[in-house]
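For reference, upload33.csv is printed below; it contains CSV, C-alpha atoms.
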chain,number,residue,atom,x,y,z
W,1,MET,CA,167.9,19.0,-75.0
W,2,LYS,CA,166.1,20.1,-78.2
W,3,GLU,CA,164.5,23.6,-78.0
W,4,GLU,CA,160.7,23.6,-78.5
W,5,TYR,CA,159.3,26.7,-80.1
W,6,ILE,CA,155.7,27.8,-79.6
W,7,THR,CA,153.5,30.3,-81.5
W,8,VAL,CA,152.5,33.7,-80.2
W,9,SER,CA,149.0,32.5,-79.9
W,10,GLU,CA,150.1,29.7,-77.7
W,11,LEU,CA,152.0,32.1,-75.5
W,12,ASN,CA,149.1,34.5,-75.2
W,13,ARG,CA,146.8,31.6,-74.5
W,14,TYR,CA,149.1,30.4,-71.7
W,15,ILE,CA,149.2,33.8,-70.1
W,16,LYS,CA,145.5,34.1,-70.3
W,17,TYR,CA,145.2,30.7,-68.7
W,18,ARG,CA,147.5,31.8,-65.9
W,19,LEU,CA,145.5,35.0,-65.3
W,20,ASP,CA,142.2,33.2,-65.4
W,21,ASN,CA,143.4,30.9,-62.6
W,22,ASP,CA,144.9,33.7,-60.4
W,23,GLU,CA,142.3,34.3,-57.7
W,24,ASN,CA,143.8,37.8,-57.0
W,25,LEU,CA,142.9,38.9,-60.5
W,26,GLN,CA,139.3,37.6,-60.7
W,27,GLN,CA,137.8,40.5,-58.8
W,28,VAL,CA,140.0,43.6,-58.6
W,29,TYR,CA,139.0,46.9,-57.0
W,30,LEU,CA,140.6,49.9,-58.7
W,31,ARG,CA,140.6,53.7,-58.2
W,32,GLY,CA,141.7,55.8,-61.2
W,33,GLU,CA,141.0,58.6,-63.7
W,34,ILE,CA,139.2,58.0,-67.0
W,35,SER,CA,141.1,58.9,-70.2
W,36,ASN,CA,140.5,58.2,-73.9
W,37,PHE,CA,136.9,57.4,-73.2
W,38,LYS,CA,134.8,56.1,-76.1
W,39,ALA,CA,131.3,54.8,-76.1
W,40,HIS,CA,130.8,52.3,-78.9
W,41,THR,CA,127.7,52.3,-81.0
W,42,ARG,CA,126.9,48.8,-79.7
W,43,GLY,CA,126.9,50.1,-76.1
W,44,HIS,CA,130.4,49.0,-75.0
W,45,PHE,CA,132.7,51.4,-73.1
W,46,TYR,CA,136.4,51.6,-74.0
W,47,PHE,CA,138.7,53.7,-72.0
W,48,THR,CA,142.0,54.0,-70.1
W,49,LEU,CA,142.2,54.0,-66.3
W,50,LYS,CA,145.2,55.8,-65.0
W,51,ASP,CA,146.9,57.4,-62.0
W,52,GLU,CA,149.9,59.7,-61.7
W,53,THR,CA,152.4,57.1,-63.0
W,54,SER,CA,150.7,54.2,-64.7
W,55,ARG,CA,147.7,53.2,-66.8
W,56,ILE,CA,145.7,50.2,-67.9
W,57,ASN,CA,143.3,49.6,-70.7
W,58,ALA,CA,139.7,48.9,-69.7
W,59,ILE,CA,136.5,47.6,-71.4
W,60,MET,CA,133.0,47.5,-70.1
W,61,PHE,CA,130.5,45.5,-72.1
W,62,SER,CA,127.1,46.9,-72.8
W,63,SER,CA,125.4,44.4,-70.4
W,64,ASN,CA,127.3,46.0,-67.5
W,65,ALA,CA,127.4,49.6,-69.0
W,66,LEU,CA,123.6,49.8,-68.9
W,67,ARG,CA,123.8,49.8,-65.1
W,68,VAL,CA,126.0,52.9,-64.9
W,69,GLN,CA,124.0,55.8,-63.6
W,70,PHE,CA,126.2,58.5,-65.1
W,71,LEU,CA,127.9,59.4,-68.4
W,72,PRO,CA,131.6,58.7,-68.1
W,73,GLN,CA,133.9,61.4,-69.4
W,74,ASP,CA,137.6,62.0,-69.7
W,75,GLY,CA,139.0,63.4,-66.4
W,76,MET,CA,136.5,61.7,-64.2
W,77,LYS,CA,137.8,59.8,-61.2
W,78,VAL,CA,136.0,56.5,-60.8
W,79,LEU,CA,135.9,53.3,-58.6
W,80,ILE,CA,135.6,50.1,-60.6
W,81,ILE,CA,135.3,46.4,-60.0
W,82,GLY,CA,136.5,44.1,-62.7
W,83,LYS,CA,138.6,41.2,-63.8
W,84,VAL,CA,142.1,41.3,-65.3
W,85,ASN,CA,142.8,39.2,-68.3
W,86,VAL,CA,144.6,39.1,-71.7
W,87,TYR,CA,143.2,39.9,-75.1
W,88,GLU,CA,144.8,37.1,-77.1
W,89,ALA,CA,144.6,38.9,-80.4
W,90,ASN,CA,147.2,41.5,-79.4
W,91,GLY,CA,148.6,40.1,-76.2
W,92,ALA,CA,147.6,43.2,-74.2
W,93,TYR,CA,146.3,42.7,-70.8
W,94,GLN,CA,143.3,44.8,-69.7
W,95,ILE,CA,140.6,45.0,-67.1
W,96,TYR,CA,137.1,43.9,-67.9
W,97,VAL,CA,134.9,46.2,-65.8
W,98,ASN,CA,131.7,44.9,-64.1
W,99,GLU,CA,130.8,47.9,-62.0
W,100,MET,CA,131.8,51.6,-62.0
W,101,LYS,CA,131.0,54.4,-59.6
W,102,GLU,CA,132.0,58.1,-59.6
W,103,ASP,CA,134.9,59.1,-57.3
W,104,GLY,CA,135.0,62.8,-58.0
W,105,ILE,CA,136.5,64.6,-61.0
W,106,GLY,CA,140.2,64.5,-62.1
W,107,ASN,CA,142.5,67.4,-61.6
W,108,LEU,CA,142.8,68.2,-65.2
W,109,TYR,CA,139.1,68.4,-65.6
W,110,VAL,CA,138.9,70.8,-62.6
W,111,ALA,CA,141.6,73.0,-64.1
W,112,PHE,CA,139.7,73.0,-67.4
W,113,GLU,CA,136.4,74.1,-65.9
W,114,GLN,CA,138.1,76.8,-63.8
W,115,LEU,CA,139.9,78.3,-66.7
W,116,LYS,CA,136.8,78.1,-68.9
W,117,LYS,CA,134.8,79.9,-66.4
W,118,LYS,CA,137.5,82.6,-65.9
W,119,LEU,CA,137.9,83.3,-69.6
W,120,GLU,CA,134.2,83.3,-70.2
W,121,MET,CA,133.6,85.9,-67.5
W,122,GLU,CA,136.3,88.1,-69.2
W,123,GLY,CA,134.4,87.9,-72.5
W,124,LEU,CA,136.9,85.8,-74.5
W,125,PHE,CA,134.1,83.6,-75.7
W,126,ASP,CA,131.8,86.4,-76.7
W,127,SER,CA,130.4,85.6,-80.2
W,128,SER,CA,130.0,89.3,-81.1
W,129,LYS,CA,133.8,89.7,-81.0
W,130,LYS,CA,134.6,86.8,-83.3
W,131,LYS,CA,136.1,87.6,-86.7
W,132,LYS,CA,134.5,86.4,-89.9
W,133,ILE,CA,136.3,83.8,-91.9
W,134,PRO,CA,136.9,85.0,-95.5
W,135,ARG,CA,134.9,83.3,-98.2
W,136,LEU,CA,137.7,83.0,-100.7
W,137,PRO,CA,141.0,83.0,-98.8
W,138,LYS,CA,144.2,83.5,-100.8
W,139,ARG,CA,146.6,82.4,-98.2
W,140,ILE,CA,146.0,80.1,-95.2
W,141,GLY,CA,148.4,79.4,-92.3
W,142,VAL,CA,148.4,76.1,-90.4
W,143,ILE,CA,149.9,75.7,-86.9
W,144,THR,CA,150.4,72.0,-86.1
W,145,ALA,CA,153.0,69.3,-86.0
W,146,SER,CA,155.0,69.0,-89.3
W,147,THR,CA,154.4,65.3,-89.4
W,148,GLY,CA,151.2,63.3,-88.7
W,149,ALA,CA,147.7,62.8,-90.0
W,150,ALA,CA,146.5,66.4,-89.1
W,151,ILE,CA,148.7,68.3,-91.6
W,152,ARG,CA,148.2,65.6,-94.3
W,153,ASP,CA,144.4,65.8,-93.9
W,154,ILE,CA,144.4,69.6,-94.0
W,155,LEU,CA,146.7,69.8,-97.1
W,156,SER,CA,144.9,67.1,-99.1
W,157,THR,CA,141.5,68.6,-98.3
W,158,ILE,CA,142.5,72.2,-99.3
W,159,LYS,CA,144.1,70.9,-102.5
W,160,ARG,CA,141.0,68.9,-103.4
W,161,ARG,CA,138.5,71.6,-102.5
W,162,PHE,CA,140.2,74.8,-103.6
W,163,PRO,CA,143.8,74.4,-105.0
W,164,LEU,CA,144.2,78.1,-105.7
W,165,THR,CA,144.7,78.8,-102.0
W,166,GLU,CA,148.3,79.0,-100.8
W,167,VAL,CA,149.1,77.1,-97.6
W,168,ILE,CA,151.9,78.0,-95.2
W,169,LEU,CA,152.8,75.5,-92.4
W,170,PHE,CA,154.1,76.9,-89.1
W,171,PRO,CA,155.4,73.7,-87.5
W,172,ALA,CA,154.9,73.6,-83.7
W,173,LEU,CA,154.9,71.2,-80.8
W,174,VAL,CA,151.4,70.2,-80.1
W,175,GLN,CA,152.0,67.9,-77.1
W,176,GLY,CA,154.2,68.0,-74.1
W,177,GLU,CA,155.6,70.5,-71.6
W,178,ASN,CA,156.9,73.0,-74.1
W,179,ALA,CA,154.0,72.8,-76.6
W,180,LYS,CA,152.1,75.8,-75.3
W,181,GLU,CA,155.0,78.2,-75.7
W,182,ASP,CA,155.7,76.9,-79.2
W,183,ILE,CA,152.1,77.3,-80.3
W,184,VAL,CA,152.0,80.9,-78.9
W,185,ARG,CA,155.3,81.7,-80.7
W,186,GLN,CA,153.9,80.5,-84.0
W,187,ILE,CA,150.7,82.4,-83.6
W,188,GLU,CA,152.8,85.6,-83.2
W,189,ASN,CA,155.0,84.6,-86.1
W,190,ALA,CA,152.0,84.1,-88.4
W,191,LYS,CA,151.0,87.8,-88.1
W,192,ASN,CA,153.9,88.6,-90.5
W,193,TYR,CA,152.7,86.6,-93.5
W,194,ASP,CA,149.6,88.5,-94.6
W,195,LEU,CA,147.3,85.5,-93.9
W,196,ASP,CA,143.5,85.4,-94.5
W,197,VAL,CA,142.9,82.7,-92.0
W,198,LEU,CA,144.9,80.5,-89.6
W,199,ILE,CA,144.2,76.9,-88.6
W,200,VAL,CA,145.5,75.9,-85.2
W,201,GLY,CA,145.2,72.3,-84.0
W,202,ARG,CA,146.2,68.6,-84.0
W,203,GLY,CA,144.8,65.2,-84.2
W,204,GLY,CA,142.9,63.3,-81.5
W,205,GLY,CA,144.3,62.0,-78.2
W,206,SER,CA,143.8,61.9,-74.5
W,207,ILE,CA,143.0,64.9,-72.4
W,208,GLU,CA,146.7,65.0,-71.5
W,209,ASP,CA,147.7,64.9,-75.2
W,210,LEU,CA,145.4,67.8,-76.0
W,211,TRP,CA,146.2,69.8,-72.8
W,212,ALA,CA,148.4,72.4,-74.6
W,213,PHE,CA,145.3,73.8,-76.2
W,214,ASN,CA,143.7,74.2,-72.7
W,215,GLU,CA,146.5,76.5,-71.5
W,216,GLU,CA,145.7,80.1,-70.7
W,217,ILE,CA,148.6,81.6,-72.7
W,218,VAL,CA,147.4,79.8,-75.8
W,219,ALA,CA,143.8,80.9,-75.3
W,220,ARG,CA,144.9,84.5,-75.0
W,221,ALA,CA,147.2,84.4,-78.0
W,222,ILE,CA,144.3,83.1,-80.1
W,223,TYR,CA,141.9,85.8,-78.8
W,224,GLN,CA,144.4,88.6,-79.5
W,225,SER,CA,145.3,87.4,-83.0
W,226,SER,CA,144.5,89.8,-85.8
W,227,VAL,CA,144.1,86.9,-88.2
W,228,PRO,CA,140.9,84.9,-87.9
W,229,ILE,CA,141.6,81.5,-86.3
W,230,ILE,CA,139.9,78.2,-86.8
W,231,SER,CA,140.5,75.7,-84.0
W,232,ALA,CA,140.9,72.0,-85.1
W,233,VAL,CA,141.8,70.0,-82.0
W,234,GLY,CA,141.2,66.3,-81.7
W,235,HIS,CA,138.0,64.6,-82.8
W,236,GLU,CA,134.4,65.8,-82.9
W,237,ILE,CA,133.8,64.9,-79.2
W,238,ASP,CA,136.9,66.7,-78.0
W,239,TYR,CA,136.5,70.2,-76.7
W,240,THR,CA,139.3,72.5,-75.6
W,241,ILE,CA,139.6,76.0,-74.3
W,242,ALA,CA,141.0,76.9,-77.7
W,243,ASP,CA,137.7,75.9,-79.3
W,244,PHE,CA,135.8,78.4,-77.3
W,245,VAL,CA,138.2,81.3,-77.9
W,246,ALA,CA,138.7,80.7,-81.6
W,247,ASP,CA,136.7,82.6,-84.2
W,248,LEU,CA,135.4,79.2,-85.5
W,249,ARG,CA,135.6,75.7,-84.1
W,250,ALA,CA,136.0,72.7,-86.4
W,251,PRO,CA,135.3,69.1,-85.2
W,252,THR,CA,138.5,67.8,-86.8
W,253,PRO,CA,141.5,69.0,-88.8
W,254,THR,CA,139.8,67.9,-92.0
W,255,GLY,CA,136.7,69.8,-90.9
W,256,ALA,CA,138.8,72.9,-90.4
W,257,ALA,CA,140.1,72.7,-94.0
W,258,GLU,CA,136.6,72.3,-95.2
W,259,LEU,CA,135.5,75.4,-93.3
W,260,ALA,CA,138.5,77.4,-94.4
W,261,VAL,CA,138.1,77.1,-98.1
W,262,PRO,CA,135.1,76.6,-100.4
W,263,ASN,CA,134.5,73.6,-102.6
W,264,GLN,CA,135.7,74.6,-106.1
W,265,LYS,CA,132.6,72.9,-107.6
W,266,ASP,CA,130.4,75.1,-105.4
W,267,VAL,CA,132.4,78.1,-106.5
W,268,ARG,CA,132.0,77.2,-110.2
W,269,ASN,CA,128.2,76.7,-109.6
W,270,TYR,CA,128.0,80.0,-107.8
W,271,ILE,CA,129.9,81.8,-110.7
W,272,LEU,CA,127.6,80.1,-113.2
W,273,GLN,CA,124.5,81.3,-111.2
W,274,LEU,CA,125.9,84.8,-111.1
W,275,THR,CA,126.5,84.7,-114.9
W,276,ILE,CA,122.9,83.5,-115.5
W,277,ARG,CA,121.6,86.2,-113.2
W,278,LEU,CA,123.7,88.9,-114.8
W,279,LYS,CA,122.6,87.9,-118.3
W,280,LYS,CA,119.0,87.9,-117.1
W,281,ALA,CA,119.4,91.2,-115.5
W,282,MET,CA,121.0,92.7,-118.6
W,283,LEU,CA,118.2,91.3,-120.8
W,284,ASN,CA,115.6,92.7,-118.5
W,285,ARG,CA,117.3,96.1,-118.5
W,286,LEU,CA,117.6,96.1,-122.3
W,287,THR,CA,114.0,95.1,-122.6
W,288,TYR,CA,112.9,97.9,-120.3
W,289,GLN,CA,115.0,100.5,-122.1
W,290,LYS,CA,113.6,99.4,-125.4
W,291,GLN,CA,110.1,99.9,-124.0
W,292,ARG,CA,111.0,103.3,-122.8
W,293,LEU,CA,112.5,104.2,-126.2
W,294,ASN,CA,109.3,103.0,-128.0
W,295,GLN,CA,107.2,105.1,-125.6
W,296,ILE,CA,109.3,108.2,-126.3
W,297,VAL,CA,109.3,107.6,-130.0
W,298,SER,CA,105.5,107.1,-130.1
W,299,ARG,CA,104.8,110.5,-128.5
W,300,PRO,CA,103.3,113.2,-130.8
W,301,ILE,CA,106.2,115.5,-130.3
W,302,MET,CA,108.6,112.9,-131.7
W,303,ARG,CA,106.3,112.3,-134.7
W,304,GLU,CA,106.0,116.1,-135.3
W,305,PRO,CA,109.0,117.8,-133.6
W,306,LEU,CA,108.1,121.2,-135.3
W,307,GLY,CA,104.9,121.2,-133.2
W,308,LEU,CA,107.0,121.9,-130.1
W,309,TYR,CA,108.5,124.9,-131.9
W,310,HIS,CA,105.1,126.2,-133.0
W,311,VAL,CA,103.8,126.0,-129.4
W,312,LYS,CA,106.9,127.9,-128.1
W,313,GLU,CA,106.6,130.5,-130.9
W,314,GLN,CA,102.9,131.1,-130.0
W,315,LYS,CA,103.9,131.6,-126.4
W,316,PHE,CA,106.6,134.0,-127.5
W,317,ASP,CA,104.2,136.0,-129.6
W,318,LEU,CA,101.8,136.3,-126.8
W,319,ALA,CA,104.5,137.4,-124.3
W,320,TYR,CA,105.7,139.9,-126.9
W,321,GLU,CA,102.3,141.4,-127.3
W,322,ASN,CA,101.7,141.6,-123.6
W,323,LEU,CA,105.1,143.4,-123.2
W,324,LEU,CA,104.2,146.0,-125.9
W,325,LYS,CA,100.8,146.6,-124.2
W,326,ALA,CA,102.5,147.1,-120.9
W,327,MET,CA,105.0,149.5,-122.4
W,328,GLN,CA,102.3,151.5,-124.1
W,329,LYS,CA,100.3,151.8,-121.0
W,330,GLN,CA,103.3,153.0,-119.1
W,331,ILE,CA,104.0,155.7,-121.7
W,332,LYS,CA,100.4,156.8,-121.7
W,333,ASP,CA,100.3,157.1,-117.9
W,334,LYS,CA,103.5,159.1,-117.8
W,335,ARG,CA,102.3,161.4,-120.6
W,336,TYR,CA,99.1,162.1,-118.7
W,337,GLN,CA,101.0,163.0,-115.5
W,338,TYR,CA,103.2,165.3,-117.6
W,339,ASP,CA,100.2,167.1,-119.1
W,340,LEU,CA,98.8,167.7,-115.6
W,341,ILE,CA,102.1,169.2,-114.4
W,342,LYS,CA,102.2,171.4,-117.5
W,343,ARG,CA,98.8,172.8,-116.7
W,344,THR,CA,99.8,174.0,-113.2
W,345,VAL,CA,100.5,177.7,-112.5
W,346,LEU,CA,104.2,177.1,-112.1
W,347,PHE,CA,104.5,176.1,-115.7
W,348,LYS,CA,102.0,178.8,-117.0
W,349,GLU,CA,103.4,182.0,-115.2
W,350,PRO,CA,106.7,181.2,-113.5
W,351,GLU,CA,107.7,185.0,-113.3
W,352,LYS,CA,104.6,185.9,-111.2
W,353,ILE,CA,105.3,183.1,-108.8
W,354,LEU,CA,108.9,184.2,-108.4
W,355,LEU,CA,107.9,187.8,-107.9
W,356,LYS,CA,105.5,186.8,-105.1
W,357,LYS,CA,108.2,184.9,-103.4
W,358,GLN,CA,110.6,187.8,-103.6
W,359,GLN,CA,108.0,190.2,-102.1
W,360,ARG,CA,107.3,187.8,-99.2
W,361,TYR,CA,111.0,187.6,-98.5
W,362,ILE,CA,111.4,191.4,-98.3
W,363,LEU,CA,108.4,191.6,-95.9
W,364,TYR,CA,110.0,189.0,-93.6
W,365,LEU,CA,113.3,190.9,-93.6
W,366,GLU,CA,111.5,194.2,-92.6
W,367,LYS,CA,109.8,192.4,-89.7
W,368,LEU,CA,113.1,191.0,-88.5
W,369,GLU,CA,114.7,194.4,-88.7
W,370,ILE,CA,112.0,196.0,-86.5
W,371,LEU,CA,112.8,193.3,-83.8
W,372,ASN,CA,116.5,193.8,-84.1
W,373,PRO,CA,117.8,195.1,-80.7
W,374,LEU,CA,120.7,196.9,-82.4
W,375,LEU,CA,118.3,199.4,-83.9
W,376,THR,CA,117.1,200.2,-80.4
W,377,LEU,CA,120.7,201.0,-79.4
W,378,LYS,CA,120.9,203.4,-82.3
W,379,ARG,CA,118.0,205.4,-81.0
W,380,GLY,CA,119.9,206.1,-77.7
W,381,TYR,CA,119.0,203.1,-75.6
W,382,ALA,CA,121.5,200.9,-73.7
W,383,ILE,CA,121.5,197.3,-72.6
W,384,VAL,CA,122.4,196.8,-68.9
W,385,LYS,CA,124.2,193.6,-67.8
W,386,LYS,CA,125.4,192.3,-64.5
W,387,ASP,CA,127.7,189.3,-64.5
W,388,SER,CA,127.0,189.0,-68.3
W,389,LYS,CA,123.3,188.7,-67.7
W,390,VAL,CA,120.8,191.3,-68.9
W,391,VAL,CA,119.2,193.3,-66.0
W,392,THR,CA,115.4,193.9,-66.5
W,393,SER,CA,114.5,195.3,-63.0
W,394,ILE,CA,116.0,197.7,-60.5
W,395,LYS,CA,115.2,195.1,-57.9
W,396,ASP,CA,118.0,193.0,-59.3
W,397,LEU,CA,120.5,195.7,-58.3
W,398,LYS,CA,122.1,196.7,-55.0
W,399,GLU,CA,124.7,199.3,-54.0
W,400,ASN,CA,128.2,199.0,-55.4
W,401,ASP,CA,127.1,196.4,-58.0
W,402,LYS,CA,129.3,196.6,-61.1
W,403,LEU,CA,127.5,196.9,-64.4
W,404,GLU,CA,128.2,196.8,-68.1
W,405,LEU,CA,126.3,199.3,-70.3
W,406,GLU,CA,126.2,198.2,-74.0
W,407,LEU,CA,125.7,201.2,-76.4
W,408,LYS,CA,125.5,201.3,-80.1
W,409,ASP,CA,129.3,201.9,-80.5
W,410,GLY,CA,130.8,200.2,-77.5
W,411,THR,CA,130.5,199.0,-73.8
W,412,VAL,CA,130.8,201.2,-70.7
W,413,ARG,CA,131.5,199.9,-67.1
W,414,ALA,CA,129.5,201.5,-64.2
W,415,GLN,CA,128.8,201.1,-60.5
W,416,VAL,CA,125.6,201.4,-58.6
W,417,ILE,CA,125.8,204.3,-55.9
Render the structure in this file as structure tokens.
Amino acid sequence: MKEEYITVSELNRYIKYRLDNDENLQQVYLRGEISNFKAHTRGHFYFTLKDETSRINAIMFSSNALRVQFLPQDGMKVLIIGKVNVYEANGAYQIYVNEMKEDGIGNLYVAFEQLKKKLEMEGLFDSSKKKKIPRLPKRIGVITASTGAAIRDILSTIKRRFPLTEVILFPALVQGENAKEDIVRQIENAKNYDLDVLIVGRGGGSIEDLWAFNEEIVARAIYQSSVPIISAVGHEIDYTIADFVADLRAPTPTGAAELAVPNQKDVRNYILQLTIRLKKAMLNRLTYQKQRLNQIVSRPIMREPLGLYHVKEQKFDLAYENLLKAMQKQIKDKRYQYDLIKRTVLFKEPEKILLKKQQRYILYLEKLEILNPLLTLKRGYAIVKKDSKVVTSIKDLKENDKLELELKDGTVRAQVI
């Protein structure tokens, strides 16, 4: 029997025919979790419906999508009704969704929201603690897979925008069970390379593919990094915990490179503007100084500098005359005082004044001599003392009292009888 070969299109058409005529596949009721959701600009929904072990591609055309009362998102659990068929162009079977209802939220989405809330309460998302990205970085680190579109986009963008910047790649796993530890290890390793900024991220994917950047240890490593970090995870619509913790979030890896380095054209224009401003400022400063110089030169003192000397000389002469007058007045006053003193008696007859002083002195001596108790003793009187105190009355004495009699030439002891 001769073999009959058919084309791929014929095979896919036959499979489609078989599926179209299978009553069990015309209206299928499915429960699953949305992943890789995309809303087309024409209103169609494209996504993957999955459970713990399997998945199926799904499409919901705009005519049916308009009836959906919620906005589908990755991680949502939904109930759908649709028809299973084959897309002939690629031979992939998929489910065409007619109806879709919410059936709760997926486990990954719950975990995402719980961790987000926890870290936000701890202040890891606080904008006041975010580090500034340097304007002209000399060295940039990139933590991502060593192969793939992300690193290629980052390198080409930096080279195109600002080729003076050095780029160091820290290759890491960005998907899978061990990815979180690998990312954390490279963040720690990057601290040893004197980086100005660090880009951490990967290309787009499902929520499962991006989950390493939703891990708590990755979030804390980003927060504790001393190097400013730009997150670049997935596409513009993808948000991870790393985006909230990072110092700056970029919508894509290419966007991260654009945020990390300036455009060399903009730098050149900026330098040109600074040059123009500097020249203008120097010209204004020079013009101002010339005006000041002209003002100074036009002053009378500059035209006749000796005039300043003449003024000072006149002031000196006036001060000198005032000084002479003050000195002459002082001399005159002192001379007048001297003349008054010379006209006093002391200066006219000093001998008479001295003689009077001597006579008054002798008189005072004679008066003191009269009052001297020792002279009384010479005339035969005695001073009576009892217990070293002078006795002035007989009433102060009694029988057998011992007395001291002080005479002119000595002391005698006595007793009252």
*So, counting only C-alpha atoms, which residue among W:Arg335, W:Ile207, W:Asn294, W:Glu406 is closest to Ala111 (chain W)?*
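For Ala111 (chain W), the nearest of the given residues is W:Ile207.
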*asked:* Ranking W:Met76, W:Leu363, W:Thr240, W:Leu25 by minimum distance to Gln94 (chain W) and counting all atoms listed in the file, which one comes first?
replied: W:Leu25
_Point-to-point distance from CA of Asn107 (chain W) to CA of Glu33 (chain W), Å rounded to tenths_ =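 That distance, rounded to one decimal, is 9.2 Å.
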*Could you state the separation of CA of Val8 (chain W) and CA of Val86 (chain W) in Å, given to one decimal place?*
12.8 Å
_Length of the CA of Pro134 (chain W) to CA of Thr157 (chain W) vector [Å]_ =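 According to the coordinates, CA of Pro134 (chain W) and CA of Thr157 (chain W) are separated by 17.3 Å.
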